[in-house]
Amino acid sequence: MKAHRDYRLTQLDELEAESIHIFREVAAEFEKPVIMFSGGKDSIVMLRLAQKAFYPARVPFPVLQVDTGYDFPEVLATRDGWVERLGARLIVASVEQAIADGVVDDDGKTSRNRLQIGTLLHAIEENGFTAAFGGGRRDEEKARAKERVYSHRDEFGQWDPKNQRPELWSVYNGQLHEGEHMRIFPLSNWTELDIWHYLRREQVEIPSIYFSHRRRVFERDGMLLTESDFNPLRSGETASERQVRFRTVGDLTLTGCVESDADTYDSIIDEISVARLTERGATRGDDRFSEAAMEDRKKMGYF
């Protein structure tokens, strides 16, 4: 007797289907969307989902990266590989160029991560984007936990957490007025562990720095930071070579790594399964400035 096929969806299948639905909904509803791309694992999962959503056609959106000038070379190489495979148009919004053009003011004290805000808003306005996909997840950080899948930004690119639109039964409200845009978060309901299970299943290219490797690092404010010309050692600090990997990527002057021997998807999943901190809480210096650091940045237009 022939066994019946099991048509039940796994958790990953359900998350994938929801995200693909969001991509298609935005393509149908908004005039000019763009995919924001940091080069990190969440961004890569977004690209993979977008690829599936419109296959066999090309992804119908350009890819926008805000280049801090302090990005990891491995991340930029992965970005270029993905853009080439997708046949997508890459738009790079450079913080360096924004400083040179007077779009943002570099006072020598503000981090490149924070200077991304004005650079990003300028790129959205200049290109006339009406919707911008971001890879934020609710489990990353409490401000992101508040945000909706369709997250409204006013004509100044700002977010009002006290005035968000309800999304009952996954019904999204994409209405915009002149100059406004929407941030779209198709991974809102995913967790860090879901992301890694999905990457293992899909076997797609991610930056090598996510896997354990030897690196010269130094300790600052309880984090292990990469030794770099952008990150000069302060008095009393010393660098040494250690076995590390990154749980998140970003401006290398603020993105810490963790000591780890996890060099495969399976070993990373084992490691994260018992982790007590999210990747942002463990390794992102820009989230440590205050209790509301992320929410304050998001109100100003950060992604």
# chains A, B, ... in the order shown; residues from 1 in each chain; ligands from 1
call {"tool": "closest_atom_pairs", "arguments": {"of": "region 242-262 of chain A", "to": "region 54-68 of chain A", "cutoff": "10 Å", "atoms": "only C-alpha atoms", "output": "JSON lines"}}
result
{"residue": "A:Gly250", "atom": "CA", "partner": "A:Thr68", "partner_atom": "CA", "distance": 8.4}
{"residue": "A:Asp251", "atom": "CA", "partner": "A:Thr68", "partner_atom": "CA", "distance": 6.4}
{"residue": "A:Leu252", "atom": "CA", "partner": "A:Thr68", "partner_atom": "CA", "distance": 9.3}
call {"tool": "select_by_dssp", "arguments": {"residues": "region 198-241 of chain A", "states": "alpha helix (DSSP H)", "output": "ChimeraX atom specification"}}
result
/A:198-202
call {"tool": "write_last_selection", "arguments": {"atoms": "N, CA and C atoms", "output": "CSV table (one decimal), in the first residue's frame"}}
result
chain,number,residue,atom,x,y,z
A,198,TYR,N,17.5,28.0,8.4
A,198,TYR,CA,17.2,28.3,7.0
A,198,TYR,C,18.4,28.4,6.1
A,199,LEU,N,19.5,29.0,6.6
A,199,LEU,CA,20.7,29.1,5.9
A,199,LEU,C,21.3,27.7,5.7
A,200,ARG,N,21.2,26.9,6.7
A,200,ARG,CA,21.7,25.5,6.6
A,200,ARG,C,20.9,24.8,5.5
A,201,ARG,N,19.6,25.0,5.5
A,201,ARG,CA,18.8,24.3,4.5
A,201,ARG,C,19.0,24.8,3.1
A,202,GLU,N,19.2,26.1,3.0
A,202,GLU,CA,19.4,26.7,1.6
A,202,GLU,C,20.8,26.6,1.1
call {"tool": "closest_residue", "arguments": {"among": "A:Glu18, A:Glu219, A:Asp42, A:Asp13", "to": "Gly135 (chain A)", "atoms": "only C-alpha atoms"}}
result
A:Asp42
call {"tool": "closest_residue", "arguments": {"among": "A:Ala28, A:Leu277, A:Ile206, A:Ala3", "to": "Val249 (chain A)", "atoms": "only C-alpha atoms"}}
result
A:Ile206
call {"tool": "closest_residue", "arguments": {"among": "A:Pro33, A:Thr226, A:Thr130, A:Lys299", "to": "Lys162 (chain A)", "atoms": "only C-alpha atoms"}}
result
A:Lys299
